[in-house]
$ cat work-v8.txt   # compact mmCIF, N, CA and C atoms
# COMPACT_ATOMS: atom_id res chain seq x y z
N MET K 1 0.82 -1.19 0.00
CA MET K 1 0.00 0.00 0.00
C MET K 1 0.86 1.26 0.00
N GLY K 2 2.15 1.08 0.05
CA GLY K 2 3.03 2.22 -0.01
C GLY K 2 3.16 3.00 1.28
N ARG K 3 2.94 2.35 2.41
CA ARG K 3 3.13 3.05 3.68
C ARG K 3 3.81 2.11 4.67
N ASP K 4 4.46 2.70 5.64
CA ASP K 4 5.14 1.91 6.66
C ASP K 4 4.15 1.44 7.72
N VAL K 5 4.34 0.22 8.16
CA VAL K 5 3.53 -0.32 9.25
C VAL K 5 4.45 -0.94 10.28
N GLU K 6 3.91 -1.14 11.45
CA GLU K 6 4.63 -1.77 12.55
C GLU K 6 3.85 -3.02 12.92
N VAL K 7 4.54 -4.15 13.03
CA VAL K 7 3.91 -5.42 13.39
C VAL K 7 4.40 -5.80 14.77
N LEU K 8 3.46 -5.94 15.71
CA LEU K 8 3.80 -6.25 17.10
C LEU K 8 3.20 -7.60 17.50
N GLY K 9 3.99 -8.44 18.11
CA GLY K 9 3.48 -9.67 18.68
C GLY K 9 3.22 -9.44 20.16
N VAL K 10 1.97 -9.48 20.56
CA VAL K 10 1.62 -9.34 21.96
C VAL K 10 1.12 -10.68 22.47
N LEU K 11 0.67 -10.74 23.71
CA LEU K 11 0.36 -12.02 24.35
C LEU K 11 -0.50 -12.95 23.50
N ARG K 12 -1.64 -12.49 23.02
CA ARG K 12 -2.55 -13.38 22.29
C ARG K 12 -2.83 -12.93 20.86
N HIS K 13 -2.18 -11.86 20.41
CA HIS K 13 -2.48 -11.32 19.09
C HIS K 13 -1.22 -10.82 18.37
N VAL K 14 -1.35 -10.69 17.07
CA VAL K 14 -0.40 -9.94 16.27
C VAL K 14 -1.13 -8.67 15.89
N VAL K 15 -0.54 -7.53 16.19
CA VAL K 15 -1.18 -6.24 15.96
C VAL K 15 -0.40 -5.51 14.87
N ILE K 16 -1.11 -5.01 13.87
CA ILE K 16 -0.50 -4.22 12.81
C ILE K 16 -0.95 -2.78 12.99
N ARG K 17 0.05 -1.87 13.07
CA ARG K 17 -0.25 -0.46 13.29
C ARG K 17 0.39 0.37 12.20
N GLY K 18 -0.28 1.45 11.85
CA GLY K 18 0.26 2.40 10.88
C GLY K 18 -0.23 3.79 11.23
N ALA K 19 0.64 4.77 11.14
CA ALA K 19 0.28 6.16 11.46
C ALA K 19 -0.36 6.25 12.84
N ARG K 20 0.22 5.53 13.81
CA ARG K 20 -0.23 5.53 15.21
C ARG K 20 -1.64 4.97 15.42
N GLU K 21 -2.15 4.24 14.45
CA GLU K 21 -3.48 3.63 14.58
C GLU K 21 -3.37 2.13 14.36
N GLU K 22 -4.22 1.38 15.04
CA GLU K 22 -4.28 -0.05 14.80
C GLU K 22 -5.02 -0.30 13.49
N ILE K 23 -4.37 -1.02 12.59
CA ILE K 23 -4.97 -1.34 11.29
C ILE K 23 -5.64 -2.71 11.35
N ALA K 24 -4.99 -3.66 12.00
CA ALA K 24 -5.53 -5.02 12.07
C ALA K 24 -5.02 -5.71 13.33
N ARG K 25 -5.76 -6.73 13.74
CA ARG K 25 -5.38 -7.55 14.90
C ARG K 25 -5.79 -8.98 14.57
N HIS K 26 -4.83 -9.90 14.68
CA HIS K 26 -5.08 -11.31 14.38
C HIS K 26 -4.67 -12.16 15.58
N PRO K 27 -5.44 -13.21 15.87
CA PRO K 27 -5.10 -14.07 17.01
C PRO K 27 -3.83 -14.87 16.74
N GLN K 28 -3.09 -15.13 17.80
CA GLN K 28 -1.91 -15.99 17.74
C GLN K 28 -2.26 -17.34 18.35
N HIS K 29 -1.40 -18.30 18.08
CA HIS K 29 -1.49 -19.63 18.71
C HIS K 29 -2.82 -20.32 18.44
N THR K 30 -3.30 -20.22 17.20
CA THR K 30 -4.52 -20.93 16.81
C THR K 30 -4.12 -22.14 15.97
N LYS K 31 -5.08 -22.98 15.65
CA LYS K 31 -4.81 -24.13 14.79
C LYS K 31 -4.62 -23.71 13.34
N ALA K 32 -5.08 -22.50 12.99
CA ALA K 32 -5.01 -22.04 11.61
C ALA K 32 -3.57 -21.75 11.21
N LEU K 33 -3.19 -22.24 10.04
CA LEU K 33 -1.88 -21.93 9.50
C LEU K 33 -1.89 -20.60 8.76
N LEU K 34 -3.08 -20.22 8.31
CA LEU K 34 -3.24 -18.98 7.56
C LEU K 34 -4.44 -18.24 8.13
N VAL K 35 -4.28 -16.99 8.49
CA VAL K 35 -5.37 -16.20 9.03
C VAL K 35 -5.74 -15.15 8.00
N ILE K 36 -6.99 -15.20 7.53
CA ILE K 36 -7.48 -14.23 6.55
C ILE K 36 -8.70 -13.55 7.15
N ASP K 37 -8.68 -12.25 7.16
CA ASP K 37 -9.82 -11.48 7.65
C ASP K 37 -10.61 -10.98 6.45
N PRO K 38 -11.82 -11.48 6.21
CA PRO K 38 -12.60 -11.06 5.05
C PRO K 38 -12.83 -9.55 5.01
N ALA K 39 -12.82 -8.90 6.15
CA ALA K 39 -13.03 -7.45 6.18
C ALA K 39 -11.91 -6.71 5.44
N HIS K 40 -10.75 -7.33 5.33
CA HIS K 40 -9.65 -6.70 4.60
C HIS K 40 -9.89 -6.71 3.10
N PHE K 41 -10.88 -7.47 2.65
CA PHE K 41 -11.18 -7.57 1.23
C PHE K 41 -12.49 -6.88 0.88
N GLU K 42 -12.98 -6.03 1.76
CA GLU K 42 -14.24 -5.33 1.53
C GLU K 42 -13.99 -3.84 1.47
N GLY K 43 -14.95 -3.12 0.94
CA GLY K 43 -14.86 -1.67 0.92
C GLY K 43 -14.63 -1.14 -0.48
N GLU K 44 -14.83 0.13 -0.62
CA GLU K 44 -14.69 0.79 -1.90
C GLU K 44 -13.31 1.43 -2.02
N SER K 45 -12.93 1.78 -3.25
CA SER K 45 -11.67 2.46 -3.48
C SER K 45 -11.70 3.85 -2.86
N THR K 46 -10.52 4.31 -2.46
CA THR K 46 -10.37 5.68 -1.98
C THR K 46 -9.32 6.36 -2.84
N ASP K 47 -9.00 7.60 -2.54
CA ASP K 47 -7.97 8.28 -3.32
C ASP K 47 -6.59 7.68 -3.09
N ARG K 48 -6.41 6.91 -2.01
CA ARG K 48 -5.11 6.30 -1.70
C ARG K 48 -5.05 4.80 -1.93
N VAL K 49 -6.20 4.13 -1.89
CA VAL K 49 -6.22 2.66 -1.93
C VAL K 49 -7.24 2.18 -2.95
N ILE K 50 -6.82 1.25 -3.83
CA ILE K 50 -7.74 0.64 -4.78
C ILE K 50 -8.48 -0.49 -4.09
N ARG K 51 -9.76 -0.60 -4.35
CA ARG K 51 -10.58 -1.65 -3.75
C ARG K 51 -9.96 -3.02 -4.00
N PRO K 52 -9.80 -3.83 -2.96
CA PRO K 52 -9.20 -5.15 -3.15
C PRO K 52 -10.12 -6.08 -3.93
N THR K 53 -9.50 -7.05 -4.58
CA THR K 53 -10.25 -8.06 -5.31
C THR K 53 -10.98 -8.94 -4.29
N PRO K 54 -12.27 -9.20 -4.49
CA PRO K 54 -12.98 -10.08 -3.54
C PRO K 54 -12.35 -11.46 -3.47
N LEU K 55 -12.49 -12.09 -2.33
CA LEU K 55 -11.95 -13.44 -2.16
C LEU K 55 -12.64 -14.40 -3.13
N GLY K 56 -11.87 -15.32 -3.69
CA GLY K 56 -12.43 -16.32 -4.58
C GLY K 56 -13.04 -17.48 -3.80
N ALA K 57 -13.60 -18.44 -4.52
CA ALA K 57 -14.27 -19.57 -3.88
C ALA K 57 -13.32 -20.36 -3.00
N ARG K 58 -12.09 -20.57 -3.45
CA ARG K 58 -11.13 -21.36 -2.67
C ARG K 58 -10.83 -20.69 -1.32
N ALA K 59 -10.59 -19.39 -1.35
CA ALA K 59 -10.29 -18.69 -0.10
C ALA K 59 -11.50 -18.68 0.82
N ARG K 60 -12.70 -18.53 0.25
CA ARG K 60 -13.90 -18.54 1.09
C ARG K 60 -14.09 -19.91 1.73
N LEU K 61 -13.77 -20.98 1.02
CA LEU K 61 -13.86 -22.33 1.60
C LEU K 61 -12.86 -22.48 2.74
N GLN K 62 -11.66 -21.97 2.56
CA GLN K 62 -10.65 -22.07 3.62
C GLN K 62 -11.10 -21.31 4.86
N LEU K 63 -11.72 -20.15 4.64
CA LEU K 63 -12.21 -19.38 5.78
C LEU K 63 -13.27 -20.14 6.56
N LEU K 64 -14.12 -20.82 5.84
CA LEU K 64 -15.22 -21.54 6.49
C LEU K 64 -14.81 -22.93 6.97
N GLY K 65 -13.67 -23.43 6.47
CA GLY K 65 -13.23 -24.76 6.87
C GLY K 65 -14.17 -25.85 6.38
N LEU K 66 -14.76 -25.66 5.21
CA LEU K 66 -15.75 -26.61 4.71
C LEU K 66 -15.11 -27.73 3.92
N SER K 67 -15.73 -28.89 3.99
CA SER K 67 -15.33 -30.03 3.17
C SER K 67 -16.54 -30.91 2.96
N GLY K 68 -16.44 -31.87 2.07
CA GLY K 68 -17.51 -32.83 1.83
C GLY K 68 -18.78 -32.18 1.29
N PRO K 69 -19.95 -32.66 1.75
CA PRO K 69 -21.23 -32.16 1.24
C PRO K 69 -21.41 -30.64 1.46
N SER K 70 -20.94 -30.14 2.58
CA SER K 70 -21.05 -28.69 2.84
C SER K 70 -20.30 -27.91 1.77
N ARG K 71 -19.14 -28.43 1.39
CA ARG K 71 -18.33 -27.78 0.37
C ARG K 71 -19.08 -27.74 -0.95
N ASP K 72 -19.71 -28.86 -1.32
CA ASP K 72 -20.43 -28.93 -2.60
C ASP K 72 -21.58 -27.93 -2.65
N VAL K 73 -22.32 -27.82 -1.54
CA VAL K 73 -23.41 -26.85 -1.48
C VAL K 73 -22.86 -25.43 -1.62
N PHE K 74 -21.79 -25.16 -0.93
CA PHE K 74 -21.20 -23.82 -0.97
C PHE K 74 -20.74 -23.47 -2.37
N LEU K 75 -20.14 -24.42 -3.08
CA LEU K 75 -19.63 -24.15 -4.42
C LEU K 75 -20.75 -23.87 -5.42
N ARG K 76 -21.96 -24.32 -5.13
CA ARG K 76 -23.09 -24.06 -6.04
C ARG K 76 -23.72 -22.69 -5.80
N LEU K 77 -23.32 -22.01 -4.74
CA LEU K 77 -23.85 -20.67 -4.49
C LEU K 77 -23.32 -19.71 -5.53
N PRO K 78 -24.08 -18.66 -5.86
CA PRO K 78 -23.58 -17.70 -6.84
C PRO K 78 -22.32 -17.01 -6.35
N GLU K 79 -21.44 -16.71 -7.29
CA GLU K 79 -20.20 -16.01 -6.96
C GLU K 79 -20.52 -14.59 -6.51
N PRO K 80 -19.71 -14.04 -5.61
CA PRO K 80 -19.89 -12.64 -5.23
C PRO K 80 -19.54 -11.73 -6.41
N GLU K 81 -19.86 -10.47 -6.26
CA GLU K 81 -19.56 -9.49 -7.31
C GLU K 81 -18.08 -9.55 -7.67
N ARG K 82 -17.80 -9.55 -8.96
CA ARG K 82 -16.42 -9.58 -9.41
C ARG K 82 -15.99 -8.19 -9.86
N VAL K 83 -14.73 -7.91 -9.66
CA VAL K 83 -14.18 -6.64 -10.10
C VAL K 83 -13.76 -6.80 -11.55
N ALA K 84 -14.28 -5.96 -12.42
CA ALA K 84 -13.93 -6.00 -13.84
C ALA K 84 -13.41 -4.63 -14.24
N ARG K 85 -12.24 -4.64 -14.87
CA ARG K 85 -11.66 -3.39 -15.33
C ARG K 85 -11.45 -3.50 -16.82
N PRO K 86 -11.68 -2.42 -17.56
CA PRO K 86 -11.45 -2.49 -19.00
C PRO K 86 -9.97 -2.67 -19.30
N PHE K 87 -9.68 -3.39 -20.36
CA PHE K 87 -8.30 -3.65 -20.77
C PHE K 87 -7.54 -2.35 -21.00
N ASP K 88 -8.22 -1.33 -21.51
CA ASP K 88 -7.59 -0.04 -21.77
C ASP K 88 -6.97 0.55 -20.49
N ALA K 89 -7.56 0.28 -19.35
CA ALA K 89 -7.02 0.81 -18.10
C ALA K 89 -5.63 0.22 -17.84
N TYR K 90 -5.43 -1.06 -18.17
CA TYR K 90 -4.13 -1.69 -17.99
C TYR K 90 -3.12 -1.14 -19.01
N VAL K 91 -3.58 -0.91 -20.23
CA VAL K 91 -2.70 -0.35 -21.26
C VAL K 91 -2.20 1.02 -20.82
N GLU K 92 -3.10 1.86 -20.32
CA GLU K 92 -2.72 3.19 -19.86
C GLU K 92 -1.71 3.10 -18.70
N LEU K 93 -1.93 2.17 -17.81
CA LEU K 93 -1.02 2.00 -16.68
C LEU K 93 0.37 1.61 -17.15
N VAL K 94 0.47 0.65 -18.05
CA VAL K 94 1.77 0.20 -18.57
C VAL K 94 2.45 1.34 -19.32
N GLU K 95 1.69 2.08 -20.13
CA GLU K 95 2.28 3.18 -20.87
C GLU K 95 2.79 4.27 -19.92
N ALA K 96 2.10 4.50 -18.83
CA ALA K 96 2.52 5.52 -17.86
C ALA K 96 3.81 5.11 -17.16
N LEU K 97 4.01 3.80 -17.00
CA LEU K 97 5.19 3.30 -16.30
C LEU K 97 6.42 3.21 -17.19
N THR K 98 6.22 3.26 -18.51
CA THR K 98 7.37 3.12 -19.42
C THR K 98 7.89 4.46 -19.87

$ encode --input "work-v8.txt" --output "structure tokens"
Amino acid sequence: MGRDVEVLGVLRHVVIRGAREEIARHPQHTKALLVIDPAHFEGESTDRVIRPTPLGARARLQLLGLSGPSRDVFLRLPEPERVARPFDAYVELVEALT
């Protein structure tokens, strides 16, 4: 995101701070090998941050810890809104960088 952050390990959490504010807090010592907070993938773009791409089906399954029949039902649900950008936007970006 182009800014400095501080990552602190405290008794039961990992705390991420930036500009003297807490940005995120994640639990430590859980069974999870990967901690994903869906809230980090929500929200609209601002003048400083582009809206993140929504989590895909695989990541949503990992968040829910689903397998077997539950997984099959979940996969049949409609996909969340997808972010679509015109190809011209990428061309303009590449041209600006060269």

$ atom_distance --input "work-v8.txt" --atom1 "atom CA of Arg3 of chain K" --atom2 "atom N of Arg20 of chain K"
10.8 Å

$ atom_distance --input "work-v8.txt" --atom1 "atom C of Val14 of chain K" --atom2 "atom N of Pro27 of chain K"
6.3 Å

$ closest_residue --input "work-v8.txt" --among "K:Ile50, K:Arg12, K:Glu42, K:Val5" --to "Gln28 of chain K" --atoms "only C-alpha atoms"
K:Arg12

$ atom_distance --input "work-v8.txt" --atom1 "atom N of Leu34 of chain K" --atom2 "atom CA of Gly65 of chain K"
11.2 Å

$ residues_around --input "work-v8.txt" --residues "Asp4 of chain K" --least-positions-apart "2" --cutoff "6 Å" --atoms "all atoms listed in the file" --output "list in words"
Gly2, Glu6, Arg17, Gly18 and Ala19 of chain K

$ closest_residue --input "work-v8.txt" --among "K:Asp88, K:Ala39, K:Arg48, K:Leu11" --to "Ile23 of chain K" --atoms "only C-alpha atoms"
K:Ala39

$ decode --input "work-v8.txt" --residues "segment 4-41 of chain K" --atoms "N, CA and C atoms" --output "short mmCIF file (atom, residue, chain, number, x, y, z; two decimals), in the first residue's frame"
data_model
loop_
_atom_site.label_atom_id
_atom_site.label_comp_id
_atom_site.auth_asym_id
_atom_site.auth_seq_id
_atom_site.Cartn_x
_atom_site.Cartn_y
_atom_site.Cartn_z
N ASP K 4 4.46 2.70 5.64
CA ASP K 4 5.14 1.91 6.66
C ASP K 4 4.15 1.44 7.72
N VAL K 5 4.34 0.22 8.16
CA VAL K 5 3.53 -0.32 9.25
C VAL K 5 4.45 -0.94 10.28
N GLU K 6 3.91 -1.14 11.45
CA GLU K 6 4.63 -1.77 12.55
C GLU K 6 3.85 -3.02 12.92
N VAL K 7 4.54 -4.15 13.03
CA VAL K 7 3.91 -5.42 13.39
C VAL K 7 4.40 -5.80 14.77
N LEU K 8 3.46 -5.94 15.71
CA LEU K 8 3.80 -6.25 17.10
C LEU K 8 3.20 -7.60 17.50
N GLY K 9 3.99 -8.44 18.11
CA GLY K 9 3.48 -9.67 18.68
C GLY K 9 3.22 -9.44 20.16
N VAL K 10 1.97 -9.48 20.56
CA VAL K 10 1.62 -9.34 21.96
C VAL K 10 1.12 -10.68 22.47
N LEU K 11 0.67 -10.74 23.71
CA LEU K 11 0.36 -12.02 24.35
C LEU K 11 -0.50 -12.95 23.50
N ARG K 12 -1.64 -12.49 23.02
CA ARG K 12 -2.55 -13.38 22.29
C ARG K 12 -2.83 -12.93 20.86
N HIS K 13 -2.18 -11.86 20.41
CA HIS K 13 -2.48 -11.32 19.09
C HIS K 13 -1.22 -10.82 18.37
N VAL K 14 -1.35 -10.69 17.07
CA VAL K 14 -0.40 -9.94 16.27
C VAL K 14 -1.13 -8.67 15.89
N VAL K 15 -0.54 -7.53 16.19
CA VAL K 15 -1.18 -6.24 15.96
C VAL K 15 -0.40 -5.51 14.87
N ILE K 16 -1.11 -5.01 13.87
CA ILE K 16 -0.50 -4.22 12.81
C ILE K 16 -0.95 -2.78 12.99
N ARG K 17 0.05 -1.87 13.07
CA ARG K 17 -0.25 -0.46 13.29
C ARG K 17 0.39 0.37 12.20
N GLY K 18 -0.28 1.45 11.85
CA GLY K 18 0.26 2.40 10.88
C GLY K 18 -0.23 3.79 11.23
N ALA K 19 0.64 4.77 11.14
CA ALA K 19 0.28 6.16 11.46
C ALA K 19 -0.36 6.25 12.84
N ARG K 20 0.22 5.53 13.81
CA ARG K 20 -0.23 5.53 15.21
C ARG K 20 -1.64 4.97 15.42
N GLU K 21 -2.15 4.24 14.45
CA GLU K 21 -3.48 3.63 14.58
C GLU K 21 -3.37 2.13 14.36
N GLU K 22 -4.22 1.38 15.04
CA GLU K 22 -4.28 -0.05 14.80
C GLU K 22 -5.02 -0.30 13.49
N ILE K 23 -4.37 -1.02 12.59
CA ILE K 23 -4.97 -1.34 11.29
C ILE K 23 -5.64 -2.71 11.35
N ALA K 24 -4.99 -3.66 12.00
CA ALA K 24 -5.53 -5.02 12.07
C ALA K 24 -5.02 -5.71 13.33
N ARG K 25 -5.76 -6.73 13.74
CA ARG K 25 -5.38 -7.55 14.90
C ARG K 25 -5.79 -8.98 14.57
N HIS K 26 -4.83 -9.90 14.68
CA HIS K 26 -5.08 -11.31 14.38
C HIS K 26 -4.67 -12.16 15.58
N PRO K 27 -5.44 -13.21 15.87
CA PRO K 27 -5.10 -14.07 17.01
C PRO K 27 -3.83 -14.87 16.74
N GLN K 28 -3.09 -15.13 17.80
CA GLN K 28 -1.91 -15.99 17.74
C GLN K 28 -2.26 -17.34 18.35
N HIS K 29 -1.40 -18.30 18.08
CA HIS K 29 -1.49 -19.63 18.71
C HIS K 29 -2.82 -20.32 18.44
N THR K 30 -3.30 -20.22 17.20
CA THR K 30 -4.52 -20.93 16.81
C THR K 30 -4.12 -22.14 15.97
N LYS K 31 -5.08 -22.98 15.65
CA LYS K 31 -4.81 -24.13 14.79
C LYS K 31 -4.62 -23.71 13.34
N ALA K 32 -5.08 -22.50 12.99
CA ALA K 32 -5.01 -22.04 11.61
C ALA K 32 -3.57 -21.75 11.21
N LEU K 33 -3.19 -22.24 10.04
CA LEU K 33 -1.88 -21.93 9.50
C LEU K 33 -1.89 -20.60 8.76
N LEU K 34 -3.08 -20.22 8.31
CA LEU K 34 -3.24 -18.98 7.56
C LEU K 34 -4.44 -18.24 8.13
N VAL K 35 -4.28 -16.99 8.49
CA VAL K 35 -5.37 -16.20 9.03
C VAL K 35 -5.74 -15.15 8.00
N ILE K 36 -6.99 -15.20 7.53
CA ILE K 36 -7.48 -14.23 6.55
C ILE K 36 -8.70 -13.55 7.15
N ASP K 37 -8.68 -12.25 7.16
CA ASP K 37 -9.82 -11.48 7.65
C ASP K 37 -10.61 -10.98 6.45
N PRO K 38 -11.82 -11.48 6.21
CA PRO K 38 -12.60 -11.06 5.05
C PRO K 38 -12.83 -9.55 5.01
N ALA K 39 -12.82 -8.90 6.15
CA ALA K 39 -13.03 -7.45 6.18
C ALA K 39 -11.91 -6.71 5.44
N HIS K 40 -10.75 -7.33 5.33
CA HIS K 40 -9.65 -6.70 4.60
C HIS K 40 -9.89 -6.71 3.10
N PHE K 41 -10.88 -7.47 2.65
CA PHE K 41 -11.18 -7.57 1.23
C PHE K 41 -12.49 -6.88 0.88
#
